[in-house]
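The file coords20.cif comes next; it holds mmCIF, C-alpha atoms.
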data_final
#
loop_
_atom_site.group_PDB
_atom_site.id
_atom_site.type_symbol
_atom_site.label_atom_id
_atom_site.label_comp_id
_atom_site.auth_asym_id
_atom_site.auth_seq_id
_atom_site.Cartn_x
_atom_site.Cartn_y
_atom_site.Cartn_z
ATOM 1 C CA MET A 23 -35.016 -18.521 254.394
ATOM 2 C CA ASP A 24 -35.916 -20.071 257.731
ATOM 3 C CA PRO A 25 -33.788 -23.247 258.016
ATOM 4 C CA LYS A 26 -36.248 -25.093 260.233
ATOM 5 C CA ASN A 27 -38.888 -24.760 257.500
ATOM 6 C CA THR A 28 -36.594 -25.534 254.578
ATOM 7 C CA GLN A 29 -37.702 -28.393 252.346
ATOM 8 C CA ASN A 30 -37.294 -28.420 248.591
ATOM 9 C CA ALA A 31 -40.338 -28.992 246.417
ATOM 10 C CA GLY A 32 -40.746 -32.626 245.377
ATOM 11 C CA GLN A 33 -38.419 -33.788 248.120
ATOM 12 C CA ILE A 34 -38.949 -37.201 249.695
ATOM 13 C CA THR A 35 -40.295 -37.051 253.244
ATOM 14 C CA ALA A 36 -40.293 -39.657 256.008
ATOM 15 C CA SER A 37 -43.835 -40.687 255.149
ATOM 16 C CA THR A 38 -43.340 -40.838 251.372
ATOM 17 C CA ALA A 39 -40.124 -42.797 251.877
ATOM 18 C CA GLY A 40 -42.202 -45.416 253.680
ATOM 19 C CA GLY A 41 -40.138 -45.033 256.825
ATOM 20 C CA HIS A 42 -40.267 -43.568 260.290
ATOM 21 C CA PHE A 43 -38.411 -40.794 262.020
ATOM 22 C CA THR A 44 -36.589 -43.466 264.032
ATOM 23 C CA ARG A 45 -36.450 -47.236 264.040
ATOM 24 C CA GLY A 46 -39.564 -48.681 265.605
ATOM 25 C CA LYS A 47 -42.742 -46.750 266.275
ATOM 26 C CA GLY A 48 -43.863 -44.183 268.798
ATOM 27 C CA TYR A 49 -46.715 -41.698 268.691
ATOM 28 C CA LEU A 50 -44.415 -38.866 269.797
ATOM 29 C CA GLU A 51 -41.489 -39.658 267.487
ATOM 30 C CA PRO A 52 -42.471 -37.164 264.737
ATOM 31 C CA PHE A 53 -42.854 -34.386 267.313
ATOM 32 C CA LEU A 54 -39.538 -35.253 269.001
ATOM 33 C CA ALA A 55 -37.706 -35.381 265.667
ATOM 34 C CA ARG A 56 -39.041 -31.934 264.778
ATOM 35 C CA GLN A 57 -37.974 -30.549 268.145
ATOM 36 C CA ARG A 58 -34.430 -31.922 267.750
ATOM 37 C CA ALA A 59 -34.168 -30.529 264.222
ATOM 38 C CA GLN A 60 -35.415 -27.096 265.263
ATOM 39 C CA THR A 61 -33.065 -26.996 268.247
ATOM 40 C CA ALA A 62 -30.060 -27.968 266.103
ATOM 41 C CA ASN A 63 -30.942 -25.478 263.374
ATOM 42 C CA ARG A 64 -31.112 -22.637 265.898
ATOM 43 C CA LEU A 65 -27.574 -23.502 267.053
ATOM 44 C CA ILE A 66 -26.004 -23.370 263.563
ATOM 45 C CA PRO A 67 -24.473 -19.973 262.675
ATOM 46 C CA ALA A 68 -25.691 -18.688 259.313
ATOM 47 C CA GLN A 69 -22.144 -18.094 258.051
ATOM 48 C CA LEU A 70 -21.291 -21.810 258.340
ATOM 49 C CA ARG A 71 -24.139 -22.983 256.095
ATOM 50 C CA SER A 72 -22.117 -22.353 252.946
ATOM 51 C CA GLY A 73 -19.811 -25.235 253.915
ATOM 52 C CA ARG A 74 -20.161 -28.931 254.776
ATOM 53 C CA ILE A 75 -22.241 -30.627 257.468
ATOM 54 C CA LEU A 76 -21.819 -34.159 258.834
ATOM 55 C CA ASP A 77 -24.837 -35.659 260.604
ATOM 56 C CA ILE A 78 -23.752 -38.666 262.666
ATOM 57 C CA GLY A 79 -26.471 -41.206 263.436
ATOM 58 C CA CYS A 80 -28.842 -39.692 260.892
ATOM 59 C CA GLY A 81 -31.284 -42.617 260.785
ATOM 60 C CA THR A 82 -32.556 -44.540 257.772
ATOM 61 C CA PHE A 83 -34.488 -41.419 256.851
ATOM 62 C CA PRO A 84 -32.206 -38.432 257.628
ATOM 63 C CA TYR A 85 -34.953 -36.131 258.876
ATOM 64 C CA PHE A 86 -32.705 -33.379 260.206
ATOM 65 C CA LEU A 87 -30.733 -33.116 256.958
ATOM 66 C CA SER A 88 -34.029 -32.853 255.065
ATOM 67 C CA ARG A 89 -34.887 -29.824 257.204
ATOM 68 C CA THR A 90 -31.638 -27.873 257.053
ATOM 69 C CA GLU A 91 -29.825 -25.948 254.333
ATOM 70 C CA PHE A 92 -26.146 -26.570 253.566
ATOM 71 C CA GLU A 93 -23.829 -26.463 250.583
ATOM 72 C CA LYS A 94 -22.907 -30.132 251.124
ATOM 73 C CA LYS A 95 -24.586 -32.736 253.334
ATOM 74 C CA VAL A 96 -22.899 -35.919 254.572
ATOM 75 C CA ALA A 97 -24.517 -38.549 256.792
ATOM 76 C CA ILE A 98 -23.444 -41.587 258.811
ATOM 77 C CA ASP A 99 -25.688 -44.278 260.220
ATOM 78 C CA GLN A 100 -25.407 -47.934 261.160
ATOM 79 C CA LEU A 101 -27.941 -48.803 258.446
ATOM 80 C CA PRO A 102 -27.540 -47.465 254.895
ATOM 81 C CA ILE A 103 -29.765 -44.662 253.648
ATOM 82 C CA PRO A 104 -31.909 -45.860 250.715
ATOM 83 C CA ASN A 105 -30.424 -44.708 247.421
ATOM 84 C CA ASP A 106 -33.548 -42.841 246.312
ATOM 85 C CA VAL A 107 -33.683 -40.920 249.593
ATOM 86 C CA ALA A 108 -29.987 -40.002 249.443
ATOM 87 C CA ALA A 109 -30.326 -38.884 245.829
ATOM 88 C CA SER A 110 -33.453 -36.807 246.478
ATOM 89 C CA LEU A 111 -31.925 -35.031 249.467
ATOM 90 C CA LYS A 112 -28.488 -34.739 247.817
ATOM 91 C CA ILE A 113 -26.806 -36.514 250.717
ATOM 92 C CA GLU A 114 -23.542 -38.430 250.651
ATOM 93 C CA GLY A 115 -24.216 -41.383 252.964
ATOM 94 C CA TYR A 116 -21.913 -43.761 254.846
ATOM 95 C CA SER A 117 -22.832 -46.908 256.770
ATOM 96 C CA LEU A 118 -20.796 -47.317 259.962
ATOM 97 C CA ASN A 119 -21.259 -48.991 263.362
ATOM 98 C CA LEU A 120 -19.834 -46.341 265.671
ATOM 99 C CA ASN A 121 -19.447 -48.667 268.651
ATOM 100 C CA GLN A 122 -17.232 -50.922 266.540
ATOM 101 C CA GLU A 123 -15.679 -48.292 264.232
ATOM 102 C CA PRO A 124 -15.706 -44.853 265.886
ATOM 103 C CA SER A 125 -13.068 -43.490 263.478
ATOM 104 C CA LEU A 126 -14.424 -41.144 260.798
ATOM 105 C CA PRO A 127 -13.434 -41.712 257.135
ATOM 106 C CA PHE A 128 -12.759 -38.043 256.364
ATOM 107 C CA GLU A 129 -9.711 -35.812 256.094
ATOM 108 C CA ASP A 130 -8.709 -33.295 258.728
ATOM 109 C CA SER A 131 -10.630 -29.998 258.949
ATOM 110 C CA TYR A 132 -13.237 -31.131 256.409
ATOM 111 C CA PHE A 133 -16.543 -30.060 258.008
ATOM 112 C CA ASN A 134 -17.982 -26.765 259.212
ATOM 113 C CA ILE A 135 -20.636 -28.465 261.349
ATOM 114 C CA VAL A 136 -20.965 -31.934 262.906
ATOM 115 C CA THR A 137 -24.279 -32.950 264.486
ATOM 116 C CA LEU A 138 -25.180 -35.892 266.733
ATOM 117 C CA LEU A 139 -28.894 -35.750 267.488
ATOM 118 C CA ALA A 140 -30.116 -38.443 269.914
ATOM 119 C CA VAL A 141 -26.955 -40.463 269.203
ATOM 120 C CA VAL A 142 -24.457 -40.429 272.085
ATOM 121 C CA GLU A 143 -26.779 -42.347 274.403
ATOM 122 C CA HIS A 144 -26.247 -45.308 272.043
ATOM 123 C CA LEU A 145 -22.456 -45.154 272.423
ATOM 124 C CA ASN A 146 -20.386 -46.885 275.056
ATOM 125 C CA PRO A 147 -17.912 -44.582 276.862
ATOM 126 C CA ASP A 148 -14.811 -45.897 275.045
ATOM 127 C CA SER A 149 -16.360 -45.316 271.614
ATOM 128 C CA MET A 150 -17.613 -41.915 272.752
ATOM 129 C CA ALA A 151 -14.089 -40.805 273.666
ATOM 130 C CA ILE A 152 -12.633 -41.865 270.310
ATOM 131 C CA LEU A 153 -15.506 -40.370 268.330
ATOM 132 C CA PHE A 154 -15.220 -36.970 270.025
ATOM 133 C CA ARG A 155 -11.508 -36.854 269.205
ATOM 134 C CA GLU A 156 -12.377 -37.733 265.608
ATOM 135 C CA ILE A 157 -14.998 -34.983 265.488
ATOM 136 C CA PHE A 158 -12.431 -32.467 266.692
ATOM 137 C CA ARG A 159 -10.049 -33.679 263.963
ATOM 138 C CA VAL A 160 -12.537 -33.381 261.065
ATOM 139 C CA LEU A 161 -13.891 -29.971 262.131
ATOM 140 C CA GLN A 162 -12.452 -26.851 260.559
ATOM 141 C CA PRO A 163 -11.107 -24.160 262.889
ATOM 142 C CA GLY A 164 -14.153 -22.141 263.872
ATOM 143 C CA GLY A 165 -16.400 -25.136 263.171
ATOM 144 C CA ARG A 166 -18.988 -26.376 265.622
ATOM 145 C CA VAL A 167 -20.259 -29.706 266.926
ATOM 146 C CA ILE A 168 -23.897 -29.830 268.034
ATOM 147 C CA MET A 169 -25.391 -32.711 269.987
ATOM 148 C CA THR A 170 -28.587 -33.643 271.791
ATOM 149 C CA THR A 171 -29.203 -36.478 274.241
ATOM 150 C CA PRO A 172 -31.838 -37.375 276.851
ATOM 151 C CA ALA A 173 -31.213 -35.988 280.321
ATOM 152 C CA ALA A 174 -29.737 -38.737 282.494
ATOM 153 C CA TRP A 175 -32.589 -38.573 285.005
ATOM 154 C CA SER A 176 -35.201 -39.256 282.290
ATOM 155 C CA ASP A 177 -34.061 -42.832 281.547
ATOM 156 C CA GLY A 178 -36.788 -44.498 283.622
ATOM 157 C CA LEU A 179 -39.442 -42.195 282.188
ATOM 158 C CA LEU A 180 -38.336 -42.991 278.630
ATOM 159 C CA HIS A 181 -38.667 -46.735 279.258
ATOM 160 C CA LEU A 182 -42.169 -46.135 280.617
ATOM 161 C CA MET A 183 -43.041 -44.057 277.546
ATOM 162 C CA ALA A 184 -41.718 -46.863 275.329
ATOM 163 C CA ARG A 185 -44.050 -49.363 277.016
ATOM 164 C CA MET A 186 -46.908 -46.946 276.330
ATOM 165 C CA HIS A 187 -45.837 -46.764 272.640
ATOM 166 C CA LEU A 188 -45.147 -43.050 272.921
ATOM 167 C CA VAL A 189 -41.493 -43.439 271.883
ATOM 168 C CA SER A 190 -39.630 -46.137 269.984
ATOM 169 C CA ALA A 191 -38.915 -49.160 272.198
ATOM 170 C CA GLU A 192 -36.226 -50.290 269.738
ATOM 171 C CA GLU A 193 -34.336 -47.039 270.202
ATOM 172 C CA ILE A 194 -34.763 -46.861 273.997
ATOM 173 C CA ASP A 195 -33.715 -50.492 274.526
ATOM 174 C CA GLU A 196 -30.429 -49.765 272.723
ATOM 175 C CA HIS A 197 -29.429 -46.916 275.028
ATOM 176 C CA ALA A 198 -25.942 -47.844 276.206
ATOM 177 C CA TYR A 199 -25.204 -45.018 278.633
ATOM 178 C CA ALA A 200 -26.860 -41.991 280.236
ATOM 179 C CA TYR A 201 -24.525 -39.000 279.858
ATOM 180 C CA THR A 202 -24.741 -35.967 282.156
ATOM 181 C CA LEU A 203 -23.801 -32.430 281.137
ATOM 182 C CA PRO A 204 -20.601 -32.418 283.244
ATOM 183 C CA LEU A 205 -19.550 -35.737 281.704
ATOM 184 C CA ILE A 206 -20.235 -34.482 278.181
ATOM 185 C CA GLY A 207 -18.103 -31.450 278.993
ATOM 186 C CA TRP A 208 -15.317 -33.762 280.121
ATOM 187 C CA TYR A 209 -15.440 -35.634 276.791
ATOM 188 C CA PHE A 210 -15.296 -32.339 274.903
ATOM 189 C CA GLY A 211 -12.246 -31.314 276.913
ATOM 190 C CA GLN A 212 -10.494 -34.655 276.389
ATOM 191 C CA ALA A 213 -11.104 -34.322 272.644
ATOM 192 C CA GLY A 214 -9.327 -30.964 272.517
ATOM 193 C CA PHE A 215 -12.180 -28.440 272.748
ATOM 194 C CA LYS A 216 -11.607 -25.474 275.067
ATOM 195 C CA MET A 217 -14.171 -25.344 277.867
ATOM 196 C CA ARG A 218 -14.807 -21.645 277.254
ATOM 197 C CA GLN A 219 -16.092 -22.688 273.810
ATOM 198 C CA VAL A 220 -18.570 -25.239 275.195
ATOM 199 C CA LYS A 221 -22.231 -24.372 275.875
ATOM 200 C CA PHE A 222 -25.118 -26.436 277.291
ATOM 201 C CA GLY A 223 -28.871 -26.235 277.685
ATOM 202 C CA TYR A 224 -32.136 -28.147 277.973
ATOM 203 C CA PHE A 225 -35.265 -28.458 275.848
ATOM 204 C CA GLU A 226 -38.501 -30.489 275.721
ATOM 205 C CA PHE A 227 -39.460 -29.752 279.345
ATOM 206 C CA MET A 228 -35.917 -30.529 280.569
ATOM 207 C CA LEU A 229 -36.167 -34.101 279.211
ATOM 208 C CA ASN A 230 -33.397 -33.522 276.675
ATOM 209 C CA MET A 231 -30.072 -31.706 276.703
ATOM 210 C CA TRP A 232 -28.186 -29.919 273.973
ATOM 211 C CA ALA A 233 -24.501 -29.089 273.887
ATOM 212 C CA THR A 234 -22.239 -27.267 271.448
ATOM 213 C CA ALA A 235 -18.482 -26.858 271.196
ATOM 214 C CA GLU A 236 -16.417 -24.760 268.795
ATOM 215 C CA LYS A 237 -12.989 -25.682 267.551
#
With the file now loaded, output its structure as structure tokens.
Amino acid sequence: MDPKNTQNAGQITASTAGGHFTRGKGYLEPFLARQRAQTANRLIPAQLRSGRILDIGCGTFPYFLSRTEFEKKVAIDQLPIPNDVAASLKIEGYSLNLNQEPSLPFEDSYFNIVTLLAVVEHLNPDSMAILFREIFRVLQPGGRVIMTTPAAWSDGLLHLMARMHLVSAEEIDEHAYAYTLPLIGWYFGQAGFKMRQVKFGYFEFMLNMWATAEK
């Protein structure tokens, strides 16, 4: 089964849930959400899908988790996931403000995969450092963290796109920091990941970056 096309029959979607792919509105948000989900799914090894995934910053409607296949799905966001959405998608949801509480409420070596899709740009550097150490702690040996974030140079373009209603102004206005690939690598290293296990790349016409690290 192709994970990027996985969606159970009768499952709630972003439109039927009455929500959006992100907070606020933007004509390109559905396309961007699909691109992030497809990129993340391609970076998940098939052998890890029989375990647990944690999606950090999943959004009120956890679009990525609705488009991926895992034995157990866990999600964190600042706002709670509606109960009917969580039940339909079989997601265990937690509400947490990561800039105030970057510690994760899970035991050591609990997850096979941790994802942060369009999340780290909302974190201040101090919270980012703590959260990456926490991600390393909750990952199983051989587990993988997968993240995406806008390329640092695209910040001005994103604000222009927000004014044109192409992307969510609410999301763009809350960007706390523009992280570069070398800086993301530094955070991975400080958290305990070996640099030989870290990989980087770009997608969406070089506007966004992806990074992975294995424990």
Enclose the full set of atoms of range 121-131 of chain A listed in the file within a box whose edges lie along x, y and z, apply 5 Å of padding to each of the six sides, and report centre and edge lengths in Å to one decimal as lines of an AutoDock Vina configuration file.
center_x = -14.1
center_y = -40.5
center_z = 262.4
size_x = 20.7
size_y = 30.9
size_z = 22.6
My list of candidates is A:Leu70, A:Leu188, A:Leu205, A:Ile103. Which is closest to Pro163 in chain A when distances are computed with all atoms listed in the file?
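So, comparing all the options, the nearest one is A:Leu70.
Taking CA of Met217 in chain A and CA of Leu161 in chain A as endpoints, the distance between them is 16.4 Å.
Here the PyMOL selection byres ((chain A and resi 174) around 9) catches exactly these residues: Thr171, Pro172, Ala173, Trp175, Ser176, Asp177, Tyr199, Ala200, Tyr201, Thr202, Leu203, Leu229 and Asn230 of chain A.
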Starting from the shown file, work through the PyMOL selection byres ((chain A and resi 139) around 10) and note down what comes out as a ChimeraX atom specification. /A:55,58-59,61-62,77-81,86,136-138,140-143,168-172,232
What's the 9 Å shell around Leu50 in chain A, counting all atoms listed in the file, without same-chain residues fewer than 6 positions away, as a list in words?
->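 Once the adjacent positions are removed, what remains is His187, Leu188, Val189 and Ser190 of chain A.
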Residue with the minimum atom-to-atom distance to Ala198 in chain A, picked from A:Leu145, A:Met231, A:Leu182, A:Ile135 with only C-alpha atoms counted, is A:Leu145
Gap from CA of Glu193 in chain A to CA of Gly207 in chain A - Å, one decimal: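 Pair CA of Glu193 in chain A / CA of Gly207 in chain A returns 24.2 Å.
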**Request:** May I ask for the distance between CA of Phe133 in chain A and CA of Tyr85 in chain A, given in Å to one decimal place?
**Result:**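 The value is 19.4 Å.
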Neighbouring residues of Tyr132 in chain A were defined as those with any atom within 9 Å, considering only C-alpha atoms; residues of the same chain fewer than 3 positions away were excluded. Please report them as a tab-separated table (two decimals) with C-alpha atoms, in the coordinates of the input.
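Output (result-v6.tsv):
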chain	number	residue	atom	x	y	z
A	74	ARG	CA	-20.16	-28.93	254.78
A	128	PHE	CA	-12.76	-38.04	256.36
A	129	GLU	CA	-9.71	-35.81	256.09
A	159	ARG	CA	-10.05	-33.68	263.96
A	160	VAL	CA	-12.54	-33.38	261.06
A	161	LEU	CA	-13.89	-29.97	262.13
A	162	GLN	CA	-12.45	-26.85	260.56
Which one is closest to Ala108 in chain A: A:Leu120, A:Ala233, A:Leu87, A:Ile75? Count all atoms listed in the file.
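For Ala108 in chain A, the nearest of the candidates is A:Leu87.
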